[in-house]
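**Q** Hey, dropping start_3.txt in here, compact mmCIF, C-alpha atoms:
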# COMPACT_ATOMS: atom_id res chain seq x y z
CA GLY R 7 15.68 -3.35 12.03
CA MET R 8 17.68 -6.43 11.16
CA LYS R 9 15.28 -8.87 12.82
CA THR R 10 12.39 -7.75 10.62
CA TYR R 11 14.39 -8.28 7.44
CA LEU R 12 15.55 -11.70 8.60
CA LEU R 13 11.98 -12.70 9.39
CA LEU R 14 10.81 -11.49 5.97
CA ALA R 15 13.62 -13.38 4.27
CA ILE R 16 12.69 -16.54 6.16
CA LEU R 17 9.03 -16.09 5.27
CA ALA R 18 9.88 -15.46 1.62
CA VAL R 19 11.92 -18.66 1.51
CA ALA R 20 9.17 -20.57 3.33
CA THR R 21 6.61 -19.28 0.83
CA THR R 22 8.56 -20.51 -2.18
CA ALA R 23 9.21 -23.89 -0.56
CA GLY R 24 5.80 -25.25 -1.49
CA PRO R 25 2.06 -24.71 -1.39
CA ALA R 26 1.72 -26.21 2.09
CA LEU R 27 3.53 -23.22 3.58
CA SER R 28 1.77 -20.54 1.56
CA GLN R 29 -0.25 -19.31 4.54
CA SER R 30 2.97 -17.94 6.06
CA ALA R 31 3.34 -15.39 3.27
CA PRO R 32 5.56 -12.40 4.07
CA ASP R 33 4.06 -9.20 5.46
CA PHE R 34 1.76 -7.70 2.88
CA ARG R 35 3.33 -4.26 3.33
CA ALA R 36 6.71 -5.59 2.25
CA ALA R 37 5.16 -7.13 -0.86
CA TYR R 38 3.32 -3.88 -1.57
CA PHE R 39 6.56 -1.92 -1.22
CA ASN R 40 8.13 -4.17 -3.86
CA ARG R 41 5.25 -3.27 -6.18
CA LEU R 42 5.93 0.43 -5.64
CA ASP R 43 9.68 0.01 -6.15
CA GLN R 44 9.20 -0.92 -9.81
CA LYS R 45 12.69 0.15 -10.87
CA LYS R 46 14.15 -1.96 -8.01
CA THR R 47 16.24 0.94 -6.73
CA GLY R 48 15.41 0.28 -3.07
CA GLY R 49 12.87 3.07 -2.86
CA PHE R 50 10.04 4.93 -4.53
CA THR R 51 9.23 8.60 -5.09
CA LEU R 52 5.97 10.52 -4.72
CA GLN R 53 5.64 10.41 -8.52
CA ASP R 54 5.94 6.61 -8.48
CA LEU R 55 3.33 6.26 -5.74
CA GLN R 56 0.88 8.67 -7.38
CA ARG R 57 1.25 7.00 -10.79
CA ILE R 58 0.71 3.48 -9.44
CA SER R 59 -2.11 4.60 -7.12
CA ALA R 60 -3.86 6.37 -9.99
CA LYS R 61 -3.75 3.17 -12.05
CA GLU R 62 -5.07 1.12 -9.12
CA PHE R 63 -7.80 3.67 -8.44
CA LYS R 64 -9.15 3.49 -11.97
CA ARG R 65 -9.05 -0.31 -11.87
CA ILE R 66 -10.82 -0.54 -8.49
CA ASP R 67 -13.54 2.03 -9.28
CA ASP R 68 -15.92 -0.69 -10.32
CA ASN R 69 -19.04 1.41 -10.93
CA LYS R 70 -16.94 4.29 -12.38
CA ASP R 71 -18.55 6.88 -10.08
CA GLY R 72 -15.18 8.50 -9.28
CA GLY R 73 -15.30 7.39 -5.67
CA LEU R 74 -14.28 4.21 -3.90
CA SER R 75 -16.25 2.69 -1.05
CA LEU R 76 -14.43 0.59 1.54
CA ASP R 77 -16.00 -2.49 -0.10
CA GLU R 78 -14.55 -1.57 -3.49
CA TYR R 79 -11.26 -0.74 -1.81
CA THR R 80 -10.86 -4.11 -0.11
CA TYR R 81 -12.73 -6.25 -2.67
CA GLY R 82 -10.92 -9.40 -3.71
CA ILE R 83 -8.47 -9.46 -0.81
CA PRO R 84 -8.65 -12.99 0.58
CA SER R 85 -9.91 -12.99 4.16
CA SER R 86 -6.85 -15.06 5.08
CA ARG R 87 -4.70 -11.99 4.38
CA GLN R 88 -5.78 -9.94 7.38
CA ASP R 89 -2.59 -7.88 7.07
CA ALA R 90 -3.67 -6.70 3.60
CA VAL R 91 -7.23 -6.02 4.76
CA ASP R 92 -5.87 -3.98 7.70
CA PHE R 93 -3.46 -2.08 5.46
CA PHE R 94 -6.12 -1.02 2.97
CA THR R 95 -8.73 -0.29 5.64
CA ALA R 96 -6.27 2.03 7.37
CA ARG R 97 -5.35 3.61 4.05
CA PHE R 98 -9.03 4.12 3.22
CA GLN R 99 -9.71 5.80 6.56
CA LYS R 100 -6.69 8.09 6.18
CA SER R 101 -7.70 8.93 2.59
CA ASP R 102 -11.33 9.81 3.34
CA TYR R 103 -10.52 13.42 4.26
CA ASN R 104 -14.11 14.70 4.15
CA ASP R 105 -15.60 11.68 5.96
CA ASP R 106 -18.19 10.86 3.28
CA ALA R 107 -17.35 7.12 3.33
CA LYS R 108 -15.87 7.42 -0.17
CA VAL R 109 -12.37 8.07 -1.38
CA ASP R 110 -12.29 10.13 -4.57
CA PHE R 111 -9.35 10.46 -6.93
CA ASN R 112 -8.08 13.72 -5.41
CA GLU R 113 -8.25 12.27 -1.89
CA ASP R 114 -6.31 9.22 -3.04
CA GLN R 115 -3.60 11.39 -4.59
CA ALA R 116 -3.52 13.59 -1.47
CA TYR R 117 -3.01 10.47 0.64
CA CYS R 118 0.08 9.70 -1.46
CA ILE R 119 1.51 13.14 -0.61
CA ASP R 120 0.75 12.63 3.10
CA LEU R 121 2.31 9.17 3.13
CA VAL R 122 5.52 10.26 1.41
CA THR R 123 5.78 13.36 3.63
CA LEU R 124 5.36 11.17 6.71
CA ALA R 125 7.55 8.29 5.53
CA ASP R 126 10.49 10.16 3.98
CA GLY R 127 12.34 10.71 7.24
CA ASN R 128 15.55 12.11 5.74
CA LYS R 129 13.65 14.19 3.15
CA ASP R 130 15.65 12.92 0.17
CA GLY R 131 12.51 12.40 -1.91
CA ILE R 132 12.84 8.63 -1.79
CA VAL R 133 10.89 6.32 0.50
CA THR R 134 12.95 3.24 1.39
CA LYS R 135 11.47 -0.07 2.50
CA GLU R 136 12.40 0.63 6.12
CA GLU R 137 10.75 4.08 5.95
CA PHE R 138 7.63 2.66 4.29
CA LEU R 139 7.21 -0.15 6.82
CA ALA R 140 7.67 2.29 9.72
CA ALA R 141 5.15 4.79 8.28
CA THR R 142 2.50 2.16 7.52
CA ALA R 143 2.78 0.25 10.81
CA GLN R 144 -0.69 0.24 12.40
How would this structure read if it were set down as structure tokens?

**A**
Amino acid sequence: GMKTYLLLAILAVATTAGPALSQSAPDFRAAYFNRLDQKKTGGFTLQDLQRISAKEFKRIDDNKDGGLSLDEYTYGIPSSRQDAVDFFTARFQKSDYNDDAKVDFNEDQAYCIDLVTLADGNKDGIVTKEEFLAATAQ
């Protein structure tokens, strides 16, 4: 609702005010949404999510074995960003459909379908920021 947006706006302003306030960075999920909304239309489609996720998957698959471990998945996230760690840990768990402690490319793409199906409340094919934040709330 409105309060969330106001809080995010305040945090965004606080973050740009100077390095001293950088620990109060806005919710990671909001920042991640902005990454997915590359055309800045206020939403993203399944195609957008699958394309960006595919690129990320190939980048993260360090040992190129076609599967991501939780360590590979969360590698490089600063421990100070618990919200990001939580987001990706939850995503990993939801993506590991066969419970083999790895997420392969097909599982990652299937997760994208599940997320958009879950998030796109009005079924218009576009996931808005509000829909994304609601669907990815822990």

**Q** Expressed in Å to a single decimal, how great is the separation between CA of Lys100 (chain R) and CA of Ile83 (chain R)?

**A**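 Separating CA of Lys100 (chain R) from CA of Ile83 (chain R) is a distance of 19.0 Å.
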
**Q** Quick one: residues within 12 Å of region 113-119 of chain R, only C-alpha atoms counted, chain neighbours fewer than 6 positions away excluded, as a ChimeraX atom specification?

**A** /R:42,50-64,67,72-74,79,94,96-107,125-126,131,133,138,142

**Q** Please produce a file of the residues just selected, as a PDB file, in the frame of the given file, where the atoms kept are C-alpha atoms.

**A**
ATOM      1  CA  LEU R  42       5.930   0.430  -5.640  1.00  0.00           C
ATOM      2  CA  PHE R  50      10.040   4.930  -4.530  1.00  0.00           C
ATOM      3  CA  THR R  51       9.230   8.600  -5.090  1.00  0.00           C
ATOM      4  CA  LEU R  52       5.970  10.520  -4.720  1.00  0.00           C
ATOM      5  CA  GLN R  53       5.640  10.410  -8.520  1.00  0.00           C
ATOM      6  CA  ASP R  54       5.940   6.610  -8.480  1.00  0.00           C
ATOM      7  CA  LEU R  55       3.330   6.260  -5.740  1.00  0.00           C
ATOM      8  CA  GLN R  56       0.880   8.670  -7.380  1.00  0.00           C
ATOM      9  CA  ARG R  57       1.250   7.000 -10.790  1.00  0.00           C
ATOM     10  CA  ILE R  58       0.710   3.480  -9.440  1.00  0.00           C
ATOM     11  CA  SER R  59      -2.110   4.600  -7.120  1.00  0.00           C
ATOM     12  CA  ALA R  60      -3.860   6.370  -9.990  1.00  0.00           C
ATOM     13  CA  LYS R  61      -3.750   3.170 -12.050  1.00  0.00           C
ATOM     14  CA  GLU R  62      -5.070   1.120  -9.120  1.00  0.00           C
ATOM     15  CA  PHE R  63      -7.800   3.670  -8.440  1.00  0.00           C
ATOM     16  CA  LYS R  64      -9.150   3.490 -11.970  1.00  0.00           C
ATOM     17  CA  ASP R  67     -13.540   2.030  -9.280  1.00  0.00           C
ATOM     18  CA  GLY R  72     -15.180   8.500  -9.280  1.00  0.00           C
ATOM     19  CA  GLY R  73     -15.300   7.390  -5.670  1.00  0.00           C
ATOM     20  CA  LEU R  74     -14.280   4.210  -3.900  1.00  0.00           C
ATOM     21  CA  TYR R  79     -11.260  -0.740  -1.810  1.00  0.00           C
ATOM     22  CA  PHE R  94      -6.120  -1.020   2.970  1.00  0.00           C
ATOM     23  CA  ALA R  96      -6.270   2.030   7.370  1.00  0.00           C
ATOM     24  CA  ARG R  97      -5.350   3.610   4.050  1.00  0.00           C
ATOM     25  CA  PHE R  98      -9.030   4.120   3.220  1.00  0.00           C
ATOM     26  CA  GLN R  99      -9.710   5.800   6.560  1.00  0.00           C
ATOM     27  CA  LYS R 100      -6.690   8.090   6.180  1.00  0.00           C
ATOM     28  CA  SER R 101      -7.700   8.930   2.590  1.00  0.00           C
ATOM     29  CA  ASP R 102     -11.330   9.810   3.340  1.00  0.00           C
ATOM     30  CA  TYR R 103     -10.520  13.420   4.260  1.00  0.00           C
ATOM     31  CA  ASN R 104     -14.110  14.700   4.150  1.00  0.00           C
ATOM     32  CA  ASP R 105     -15.600  11.680   5.960  1.00  0.00           C
ATOM     33  CA  ASP R 106     -18.190  10.860   3.280  1.00  0.00           C
ATOM     34  CA  ALA R 107     -17.350   7.120   3.330  1.00  0.00           C
ATOM     35  CA  ALA R 125       7.550   8.290   5.530  1.00  0.00           C
ATOM     36  CA  ASP R 126      10.490  10.160   3.980  1.00  0.00           C
ATOM     37  CA  GLY R 131      12.510  12.400  -1.910  1.00  0.00           C
ATOM     38  CA  VAL R 133      10.890   6.320   0.500  1.00  0.00           C
ATOM     39  CA  PHE R 138       7.630   2.660   4.290  1.00  0.00           C
ATOM     40  CA  THR R 142       2.500   2.160   7.520  1.00  0.00           C
TER      41      THR R 142
END

**Q** Which one of R:Asp110, R:Asp71, R:Glu136, R:Asp89 sits closest to Gly48 (chain R) if you count all atoms listed in the file?

**A**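 Result for the nearest residue to Gly48 (chain R): R:Glu136.
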
**Q** Name the closest residue to Pro84 (chain R) among the candidates R:Arg41, R:Thr123, R:Phe34, R:Lys135; distances are taken between atoms, counting all atoms listed in the file.

**A**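 Using all atoms listed in the file, Pro84 (chain R) sits closest to R:Phe34.
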
**Q** Work out how far apart CA of Asp92 (chain R) and CA of Leu121 (chain R) are and give it in Å to one decimal.

**A** 16.1 Å

**Q** From the list R:Thr95, R:Asp77, R:Gly49, R:Lys108, which residue is nearest Ile132 (chain R) when using all atoms listed in the file?

**A**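 The shortest atom-to-atom distance to Ile132 (chain R) comes from R:Gly49.
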
**Q** Kindly give the distance, in Å, that separates CA of Leu76 (chain R) and CA of Ala37 (chain R), rounded to a single decimal.

**A**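 CA of Ala37 (chain R) lies 21.2 Å from CA of Leu76 (chain R).
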
**Q** Between R:Thr134, R:Asp68, R:Tyr81, R:Asn112, which residue has the minimum interatomic distance to Asp43 (chain R), considering all atoms listed in the file?

**A**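 Looking only at the distances to Asp43 (chain R), the closest residue turns out to be R:Thr134.
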
**Q** Box for region 33-40 of chain R - axis-aligned, 4 Å on each of the six sides, all listed atoms - centre and size in Å to one decimal, as AutoDock Vina command-line options.

**A**
--center_x 4.9 --center_y -5.6 --center_z 0.8 --size_x 14.4 --size_y 15.3 --size_z 17.3

**Q** Save C-alpha atoms of region 22-101 of chain R from the block above as a compact mmCIF listing (two decimals), in the first residue's frame.

**A**
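The result, stored in result35.txt:
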# COMPACT_ATOMS: atom_id res chain seq x y z
CA THR R 22 21.53 8.96 -1.88
CA ALA R 23 22.14 11.47 0.91
CA GLY R 24 25.59 10.12 1.67
CA PRO R 25 27.67 7.07 2.50
CA ALA R 26 26.92 7.29 6.22
CA LEU R 27 23.31 6.29 5.57
CA SER R 28 24.02 3.54 3.07
CA GLN R 29 23.10 0.77 5.52
CA SER R 30 19.46 1.89 5.29
CA ALA R 31 19.25 0.86 1.64
CA PRO R 32 15.74 0.26 0.30
CA ASP R 33 14.22 -3.21 0.35
CA PHE R 34 16.22 -5.45 -1.92
CA ARG R 35 13.06 -6.76 -3.59
CA ALA R 36 12.16 -3.27 -4.76
CA ALA R 37 15.64 -2.81 -6.23
CA TYR R 38 15.40 -6.23 -7.89
CA PHE R 39 12.03 -5.33 -9.38
CA ASN R 40 13.62 -2.24 -10.95
CA ARG R 41 16.20 -4.53 -12.55
CA LEU R 42 13.43 -6.66 -14.04
CA ASP R 43 11.48 -3.62 -15.26
CA GLN R 44 14.22 -2.73 -17.76
CA LYS R 45 11.91 -0.81 -20.08
CA LYS R 46 10.64 1.21 -17.07
CA THR R 47 7.01 0.51 -17.93
CA GLY R 48 6.02 -0.22 -14.32
CA GLY R 49 6.01 -3.98 -14.80
CA PHE R 50 7.68 -6.99 -16.34
CA THR R 51 6.47 -9.99 -18.34
CA LEU R 52 7.33 -13.67 -18.07
CA GLN R 53 9.58 -13.22 -21.12
CA ASP R 54 11.48 -10.41 -19.36
CA LEU R 55 11.93 -12.48 -16.20
CA GLN R 56 13.05 -15.60 -18.07
CA ARG R 57 15.50 -13.65 -20.24
CA ILE R 58 17.11 -11.84 -17.29
CA SER R 59 17.11 -15.00 -15.13
CA ALA R 60 18.76 -16.99 -17.92
CA LYS R 61 21.53 -14.39 -18.15
CA GLU R 62 22.01 -14.40 -14.37
CA PHE R 63 22.01 -18.20 -14.29
CA LYS R 64 24.83 -18.46 -16.81
CA ARG R 65 26.81 -15.81 -14.94
CA ILE R 66 26.34 -17.46 -11.53
CA ASP R 67 27.09 -21.03 -12.69
CA ASP R 68 30.69 -20.70 -11.64
CA ASN R 69 31.87 -24.25 -12.33
CA LYS R 70 29.66 -24.48 -15.46
CA ASP R 71 28.08 -27.77 -14.35
CA GLY R 72 24.57 -26.62 -15.33
CA GLY R 73 23.40 -26.53 -11.74
CA LEU R 74 23.58 -23.91 -9.02
CA SER R 75 24.22 -24.73 -5.38
CA LEU R 76 22.85 -22.43 -2.69
CA ASP R 77 26.43 -21.18 -2.19
CA GLU R 78 26.74 -20.22 -5.86
CA TYR R 79 23.27 -18.72 -5.71
CA THR R 80 23.99 -16.41 -2.79
CA TYR R 81 27.72 -15.86 -3.42
CA GLY R 82 28.83 -12.26 -3.28
CA ILE R 83 25.77 -10.94 -1.47
CA PRO R 84 27.12 -8.88 1.42
CA SER R 85 26.08 -10.35 4.76
CA SER R 86 24.76 -6.91 5.71
CA ARG R 87 22.02 -7.36 3.09
CA GLN R 88 20.03 -10.02 4.92
CA ASP R 89 16.97 -9.11 2.83
CA ALA R 90 18.83 -10.12 -0.35
CA VAL R 91 20.16 -13.31 1.24
CA ASP R 92 16.62 -14.21 2.38
CA PHE R 93 15.16 -13.43 -1.05
CA PHE R 94 17.60 -15.64 -2.93
CA THR R 95 17.51 -18.43 -0.34
CA ALA R 96 13.71 -18.55 -0.65
CA ARG R 97 13.97 -18.44 -4.43
CA PHE R 98 16.51 -21.27 -4.39
CA GLN R 99 14.28 -23.44 -2.21
CA LYS R 100 11.25 -22.79 -4.41
CA SER R 101 13.30 -23.50 -7.56
